[in-house]
Amino acid sequence: MKIQVLNTPEEVDRRSAEAILRQIESRPCSVVGLSTGRTTCGVHKALVELCREKRPDLSKVTFFGIDEIAGVPREYSGACYTMLKTQVIDPLGIKDDNFLMLPTYSADFPADCARFTEELSRRGGIDFILLGLGENAHLGFNQPGTPFDSGCRVAEMTPELEQRVRRETATPDETRLGGVTLGLADIFSAGKLVLAAKGCDKAPAVKAMAEVKPSEKIPASVLQLHSDVTILIDREAASLL
Ligand code: GLP
């Protein structure tokens, strides 16, 4: 794993966006996974600015979300679909056919998860994923304890996120919520992985990801085993290394 410590959070955004652009320029039909959250919001903004400046051919690229909240309308502002659509897909003019998301509702999540990963394979497999990092070192919704060979499925959200989603969507306690997510094995199958982390809240997770012996207790530590991973972090996120 290559770790690059950058001076500011804005630099993390810009360098992450440049990595996505390089991927698309080197292979215009790339299959590119995106993540949502506070971290990647800035990256998406930088990517839109960069694409407006450099005008790459985006007609063949497939963008997909690596995870989604299960049990809420996809129009909810905190749903990954809506975040990616408003932050990246619409501003870049990506066609609906080239934007793949896991569903927020499903009568059969296992079947929909299988269809989703089959579609990614049909398009040539995952070329690149931009990852965020949970404060407990989760990737997507793969929480501590998730097997490294896990596949796409409905998993748990962190209790903090679940509480926020319930509050913002007025979802009662008896309605089950979850995080539908690519598994760690799906993430690991990507040709190239870039993980962005900013701020001191992420420093313990960054340290664990990079310094522990790979362990299922620390989901992001699986990245140590991958041959093409770049970690882009600011000084605060790097402060415990
Ligand atoms: C969420 C998402 C992840 C994201 C992570 C970090 O739970 N499921 O895909 O990478 O948390 O989010 P943030 O950047 O807001 O800290």
# chains A, B, ... in the order shown; residues from 1 in each chain; ligands from 1
>>> residues_around(residues="Arg123 in chain A", least_positions_apart="4", cutoff="12 Å", atoms="only C-alpha atoms", output="JSON, numbers by chain")
{"A": [29, 30, 31, 32, 60, 61, 62, 63, 64, 97, 98, 99, 100, 116, 117, 118, 119, 127]}
>>> residues_around(residues="range 192-202 of chain A", least_positions_apart="5", cutoff="10 Å", atoms="only C-alpha atoms", output="ChimeraX atom specification")
/A:1-4,6,8-10,12-13,15-16,19-20,23,32-33,35,38-40,43,126-137,139,187,207,220,223,226-240
>>> residues_around(residues="Val222 in chain A", least_positions_apart="2", cutoff="12 Å", atoms="only C-alpha atoms", output="ChimeraX atom specification")
/A:1,137-139,142,144-150,183-189,193,208-220,224-227,229
>>> write_last_selection(atoms="N, CA, C and O atoms", output="short mmCIF file (atom, residue, chain, number, x, y, z; two decimals), in the first residue's frame")
data_model
loop_
_atom_site.label_atom_id
_atom_site.label_comp_id
_atom_site.auth_asym_id
_atom_site.auth_seq_id
_atom_site.Cartn_x
_atom_site.Cartn_y
_atom_site.Cartn_z
N MET A 1 0.86 -1.20 0.00
CA MET A 1 0.00 0.00 0.00
C MET A 1 0.88 1.24 0.00
O MET A 1 1.85 1.31 0.75
N ALA A 137 -12.81 1.77 10.77
CA ALA A 137 -12.06 1.13 9.67
C ALA A 137 -12.94 0.30 8.75
O ALA A 137 -12.46 -0.60 8.07
N HIS A 138 -14.26 0.61 8.72
CA HIS A 138 -15.08 -0.13 7.76
C HIS A 138 -14.86 0.39 6.34
O HIS A 138 -14.45 1.52 6.13
N LEU A 139 -15.14 -0.50 5.39
CA LEU A 139 -15.13 -0.15 3.96
C LEU A 139 -16.52 -0.46 3.43
O LEU A 139 -17.01 -1.57 3.64
N ASN A 142 -18.96 -2.85 5.28
CA ASN A 142 -18.30 -4.04 5.83
C ASN A 142 -17.69 -3.66 7.18
O ASN A 142 -16.61 -3.07 7.25
N PRO A 144 -16.32 -4.17 11.24
CA PRO A 144 -15.34 -5.08 11.85
C PRO A 144 -15.93 -6.47 12.07
O PRO A 144 -17.08 -6.61 12.50
N GLY A 145 -15.15 -7.49 11.73
CA GLY A 145 -15.61 -8.87 11.86
C GLY A 145 -16.05 -9.47 10.53
O GLY A 145 -16.27 -10.67 10.43
N THR A 146 -16.17 -8.63 9.49
CA THR A 146 -16.59 -9.13 8.18
C THR A 146 -15.47 -9.98 7.57
O THR A 146 -14.31 -9.53 7.51
N PRO A 147 -15.81 -11.19 7.09
CA PRO A 147 -14.76 -12.00 6.45
C PRO A 147 -14.18 -11.32 5.21
O PRO A 147 -14.91 -10.66 4.48
N PHE A 148 -12.89 -11.50 5.00
CA PHE A 148 -12.25 -10.91 3.82
C PHE A 148 -12.83 -11.47 2.53
O PHE A 148 -12.73 -10.85 1.48
N ASP A 149 -13.43 -12.69 2.59
CA ASP A 149 -13.98 -13.28 1.36
C ASP A 149 -15.48 -12.99 1.20
O ASP A 149 -16.16 -13.66 0.44
N SER A 150 -15.98 -11.98 1.90
CA SER A 150 -17.42 -11.68 1.84
C SER A 150 -17.82 -11.10 0.49
O SER A 150 -17.03 -10.40 -0.16
N GLY A 183 -19.07 -6.72 -1.00
CA GLY A 183 -18.30 -7.37 0.06
C GLY A 183 -16.82 -7.01 -0.08
O GLY A 183 -16.41 -6.39 -1.07
N LEU A 184 -16.04 -7.41 0.91
CA LEU A 184 -14.61 -7.12 0.85
C LEU A 184 -13.95 -7.83 -0.33
O LEU A 184 -13.03 -7.29 -0.95
N ALA A 185 -14.45 -9.02 -0.69
CA ALA A 185 -13.86 -9.72 -1.84
C ALA A 185 -14.17 -8.97 -3.14
O ALA A 185 -13.32 -8.90 -4.03
N ASP A 186 -15.37 -8.39 -3.24
CA ASP A 186 -15.70 -7.62 -4.45
C ASP A 186 -14.79 -6.39 -4.54
O ASP A 186 -14.29 -6.06 -5.61
N ILE A 187 -14.62 -5.72 -3.41
CA ILE A 187 -13.76 -4.52 -3.39
C ILE A 187 -12.34 -4.91 -3.78
O ILE A 187 -11.68 -4.27 -4.60
N PHE A 188 -11.90 -6.03 -3.23
CA PHE A 188 -10.53 -6.51 -3.47
C PHE A 188 -10.30 -6.87 -4.95
O PHE A 188 -9.19 -6.85 -5.44
N SER A 189 -11.41 -7.19 -5.66
CA SER A 189 -11.27 -7.61 -7.05
C SER A 189 -10.95 -6.45 -8.00
O SER A 189 -10.59 -6.66 -9.15
N LEU A 193 -7.22 0.55 -6.36
CA LEU A 193 -8.01 1.11 -5.25
C LEU A 193 -7.33 2.39 -4.76
O LEU A 193 -6.11 2.41 -4.57
N ALA A 208 -4.61 1.86 12.16
CA ALA A 208 -4.93 0.43 12.24
C ALA A 208 -4.87 -0.20 10.84
O ALA A 208 -4.27 -1.26 10.66
N MET A 209 -5.47 0.47 9.86
CA MET A 209 -5.49 -0.05 8.49
C MET A 209 -4.06 -0.34 7.98
O MET A 209 -3.81 -1.35 7.33
N ALA A 210 -3.16 0.58 8.29
CA ALA A 210 -1.82 0.49 7.70
C ALA A 210 -0.85 -0.32 8.54
O ALA A 210 0.11 -0.87 8.01
N GLU A 211 -1.09 -0.41 9.86
CA GLU A 211 -0.03 -0.96 10.71
C GLU A 211 -0.34 -2.30 11.36
O GLU A 211 0.57 -2.97 11.81
N VAL A 212 -1.64 -2.68 11.46
CA VAL A 212 -1.89 -3.99 12.08
C VAL A 212 -1.58 -5.09 11.06
O VAL A 212 -1.53 -4.85 9.86
N LYS A 213 -1.37 -6.30 11.57
CA LYS A 213 -1.31 -7.46 10.68
C LYS A 213 -2.73 -7.61 10.14
O LYS A 213 -3.69 -7.50 10.91
N PRO A 214 -2.91 -7.80 8.80
CA PRO A 214 -4.27 -7.85 8.26
C PRO A 214 -5.17 -8.76 9.09
O PRO A 214 -4.82 -9.89 9.38
N SER A 215 -6.32 -8.19 9.50
CA SER A 215 -7.21 -8.90 10.40
C SER A 215 -8.64 -8.50 10.10
O SER A 215 -8.91 -7.32 9.82
N GLU A 216 -9.54 -9.47 10.22
CA GLU A 216 -10.95 -9.17 9.95
C GLU A 216 -11.53 -8.21 10.98
O GLU A 216 -12.58 -7.62 10.77
N LYS A 217 -10.83 -8.01 12.09
CA LYS A 217 -11.29 -7.01 13.07
C LYS A 217 -11.16 -5.60 12.50
O LYS A 217 -11.78 -4.67 12.98
N ILE A 218 -10.26 -5.44 11.53
CA ILE A 218 -10.00 -4.13 10.92
C ILE A 218 -10.25 -4.30 9.41
O ILE A 218 -9.31 -4.60 8.65
N PRO A 219 -11.49 -4.11 8.95
CA PRO A 219 -11.80 -4.43 7.55
C PRO A 219 -10.81 -3.80 6.55
O PRO A 219 -10.37 -4.46 5.60
N ALA A 220 -10.45 -2.52 6.76
CA ALA A 220 -9.59 -1.84 5.78
C ALA A 220 -8.18 -2.43 5.74
O ALA A 220 -7.43 -2.16 4.79
N GLN A 224 -3.94 -3.99 2.67
CA GLN A 224 -2.48 -4.28 2.69
C GLN A 224 -2.13 -5.43 1.76
O GLN A 224 -1.00 -5.55 1.31
N LEU A 225 -3.12 -6.30 1.48
CA LEU A 225 -2.85 -7.51 0.69
C LEU A 225 -3.03 -7.26 -0.81
O LEU A 225 -2.71 -8.12 -1.62
N HIS A 226 -3.55 -6.10 -1.18
CA HIS A 226 -3.84 -5.79 -2.59
C HIS A 226 -2.59 -5.20 -3.24
O HIS A 226 -1.82 -4.50 -2.58
N SER A 227 -2.42 -5.45 -4.54
CA SER A 227 -1.16 -5.02 -5.18
C SER A 227 -1.20 -3.58 -5.70
O SER A 227 -0.17 -3.05 -6.09
N VAL A 229 -2.85 -0.25 -4.34
CA VAL A 229 -3.65 0.59 -3.43
C VAL A 229 -2.90 1.87 -3.13
O VAL A 229 -1.72 1.83 -2.76
#
>>> closest_residue(among="A:Glu168, A:Glu53, A:Glu75, A:Glu156", to="ligand 1", atoms="only C-alpha atoms and all ligand atoms")
A:Glu156
>>> closest_residue(among="A:Leu161, A:Leu177, A:Val206, A:Met83", to="Thr104 in chain A", atoms="only C-alpha atoms")
A:Leu177
>>> select_by_dssp(residues="range 51-145 of chain A", states="alpha helix (DSSP H)", output="list in words")
Cys51, Arg52, Glu53, Lys54, Cys80, Tyr81, Thr82, Met83, Leu84, Asp90, Pro91, Leu92, Phe109, Pro110, Ala111, Asp112, Cys113, Ala114, Arg115, Phe116, Thr117, Glu118, Glu119, Leu120, Ser121 and Arg122 of chain A
>>> write_last_selection(atoms="N, CA and C atoms", output="PDB file, in the first residue's frame")
ATOM      1  N   CYS A  51     -13.069  17.653 -14.705  1.00  0.00           N
ATOM      2  CA  CYS A  51     -13.631  17.189 -15.981  1.00  0.00           C
ATOM      3  C   CYS A  51     -14.114  18.366 -16.820  1.00  0.00           C
ATOM      4  N   ARG A  52     -14.611  19.421 -16.158  1.00  0.00           N
ATOM      5  CA  ARG A  52     -15.035  20.607 -16.930  1.00  0.00           C
ATOM      6  C   ARG A  52     -13.824  21.247 -17.582  1.00  0.00           C
ATOM      7  N   GLU A  53     -12.685  21.170 -16.884  1.00  0.00           N
ATOM      8  CA  GLU A  53     -11.464  21.780 -17.412  1.00  0.00           C
ATOM      9  C   GLU A  53     -10.838  20.909 -18.508  1.00  0.00           C
ATOM     10  N   LYS A  54     -10.741  19.600 -18.262  1.00  0.00           N
ATOM     11  CA  LYS A  54      -9.981  18.717 -19.179  1.00  0.00           C
ATOM     12  C   LYS A  54     -10.854  18.057 -20.245  1.00  0.00           C
ATOM     13  N   CYS A  80     -27.297   6.897  -0.996  1.00  0.00           N
ATOM     14  CA  CYS A  80     -26.093   6.995  -1.835  1.00  0.00           C
ATOM     15  C   CYS A  80     -26.485   7.334  -3.274  1.00  0.00           C
ATOM     16  N   TYR A  81     -27.625   6.783  -3.738  1.00  0.00           N
ATOM     17  CA  TYR A  81     -28.091   7.088  -5.099  1.00  0.00           C
ATOM     18  C   TYR A  81     -28.195   8.597  -5.286  1.00  0.00           C
ATOM     19  N   THR A  82     -28.919   9.263  -4.372  1.00  0.00           N
ATOM     20  CA  THR A  82     -29.151  10.707  -4.528  1.00  0.00           C
ATOM     21  C   THR A  82     -27.848  11.485  -4.392  1.00  0.00           C
ATOM     22  N   MET A  83     -26.996  11.062  -3.456  1.00  0.00           N
ATOM     23  CA  MET A  83     -25.732  11.797  -3.301  1.00  0.00           C
ATOM     24  C   MET A  83     -24.884  11.698  -4.566  1.00  0.00           C
ATOM     25  N   LEU A  84     -24.751  10.480  -5.111  1.00  0.00           N
ATOM     26  CA  LEU A  84     -23.908  10.338  -6.304  1.00  0.00           C
ATOM     27  C   LEU A  84     -24.543  11.009  -7.513  1.00  0.00           C
ATOM     28  N   ASP A  90     -25.167  13.656 -12.525  1.00  0.00           N
ATOM     29  CA  ASP A  90     -25.833  14.727 -13.279  1.00  0.00           C
ATOM     30  C   ASP A  90     -24.850  15.820 -13.704  1.00  0.00           C
ATOM     31  N   PRO A  91     -23.999  16.316 -12.801  1.00  0.00           N
ATOM     32  CA  PRO A  91     -23.064  17.353 -13.243  1.00  0.00           C
ATOM     33  C   PRO A  91     -22.150  16.907 -14.390  1.00  0.00           C
ATOM     34  N   LEU A  92     -21.827  15.612 -14.454  1.00  0.00           N
ATOM     35  CA  LEU A  92     -20.955  15.141 -15.542  1.00  0.00           C
ATOM     36  C   LEU A  92     -21.757  14.675 -16.759  1.00  0.00           C
ATOM     37  N   PHE A 109     -33.151  -9.150  -1.852  1.00  0.00           N
ATOM     38  CA  PHE A 109     -31.825  -8.518  -1.895  1.00  0.00           C
ATOM     39  C   PHE A 109     -30.732  -9.459  -2.414  1.00  0.00           C
ATOM     40  N   PRO A 110     -30.693 -10.743  -1.973  1.00  0.00           N
ATOM     41  CA  PRO A 110     -29.615 -11.598  -2.491  1.00  0.00           C
ATOM     42  C   PRO A 110     -29.626 -11.683  -4.022  1.00  0.00           C
ATOM     43  N   ALA A 111     -30.832 -11.780  -4.611  1.00  0.00           N
ATOM     44  CA  ALA A 111     -30.903 -11.865  -6.082  1.00  0.00           C
ATOM     45  C   ALA A 111     -30.453 -10.549  -6.709  1.00  0.00           C
ATOM     46  N   ASP A 112     -30.867  -9.414  -6.125  1.00  0.00           N
ATOM     47  CA  ASP A 112     -30.459  -8.121  -6.690  1.00  0.00           C
ATOM     48  C   ASP A 112     -28.957  -7.890  -6.535  1.00  0.00           C
ATOM     49  N   CYS A 113     -28.399  -8.345  -5.406  1.00  0.00           N
ATOM     50  CA  CYS A 113     -26.948  -8.208  -5.212  1.00  0.00           C
ATOM     51  C   CYS A 113     -26.206  -9.043  -6.254  1.00  0.00           C
ATOM     52  N   ALA A 114     -26.710 -10.254  -6.512  1.00  0.00           N
ATOM     53  CA  ALA A 114     -26.060 -11.118  -7.509  1.00  0.00           C
ATOM     54  C   ALA A 114     -26.148 -10.475  -8.892  1.00  0.00           C
ATOM     55  N   ARG A 115     -27.310  -9.914  -9.216  1.00  0.00           N
ATOM     56  CA  ARG A 115     -27.468  -9.252 -10.524  1.00  0.00           C
ATOM     57  C   ARG A 115     -26.503  -8.076 -10.651  1.00  0.00           C
ATOM     58  N   PHE A 116     -26.338  -7.345  -9.573  1.00  0.00           N
ATOM     59  CA  PHE A 116     -25.467  -6.159  -9.589  1.00  0.00           C
ATOM     60  C   PHE A 116     -24.012  -6.560  -9.881  1.00  0.00           C
ATOM     61  N   THR A 117     -23.530  -7.549  -9.155  1.00  0.00           N
ATOM     62  CA  THR A 117     -22.117  -7.938  -9.365  1.00  0.00           C
ATOM     63  C   THR A 117     -21.942  -8.628 -10.724  1.00  0.00           C
ATOM     64  N   GLU A 118     -22.994  -9.342 -11.189  1.00  0.00           N
ATOM     65  CA  GLU A 118     -22.907  -9.940 -12.539  1.00  0.00           C
ATOM     66  C   GLU A 118     -22.813  -8.848 -13.600  1.00  0.00           C
ATOM     67  N   GLU A 119     -23.564  -7.770 -13.408  1.00  0.00           N
ATOM     68  CA  GLU A 119     -23.536  -6.671 -14.382  1.00  0.00           C
ATOM     69  C   GLU A 119     -22.144  -6.007 -14.394  1.00  0.00           C
ATOM     70  N   LEU A 120     -21.545  -5.876 -13.208  1.00  0.00           N
ATOM     71  CA  LEU A 120     -20.187  -5.307 -13.168  1.00  0.00           C
ATOM     72  C   LEU A 120     -19.224  -6.217 -13.927  1.00  0.00           C
ATOM     73  N   SER A 121     -19.381  -7.534 -13.756  1.00  0.00           N
ATOM     74  CA  SER A 121     -18.508  -8.478 -14.473  1.00  0.00           C
ATOM     75  C   SER A 121     -18.768  -8.395 -15.978  1.00  0.00           C
ATOM     76  N   ARG A 122     -20.047  -8.317 -16.365  1.00  0.00           N
ATOM     77  CA  ARG A 122     -20.397  -8.248 -17.792  1.00  0.00           C
ATOM     78  C   ARG A 122     -19.721  -7.044 -18.456  1.00  0.00           C
TER      79      ARG A 122
END
>>> atom_distance(atom1="CA of Phe141 in chain A", atom2="CA of Lys95 in chain A")
26.5 Å
>>> closest_residue(among="A:Val72, A:Leu182, A:Met157, A:Leu102", to="ligand 1", atoms="only C-alpha atoms and all ligand atoms")
A:Met157
>>> closest_residue(among="A:Pro172, A:Gly93, A:Gly125, A:Gly37", to="ligand 1", atoms="only C-alpha atoms and all ligand atoms")
A:Gly37
>>> select_by_dssp(residues="range 107-206 of chain A", states="strand (DSSP E)", output="JSON, numbers by chain")
{"A": [128, 129, 130, 131, 153, 154, 155, 178, 179, 180, 181, 192, 193, 194, 195, 196, 197]}
>>> atom_distance(atom1="CA of Gly78 in chain A", atom2="CA of Ala107 in chain A")
21.6 Å
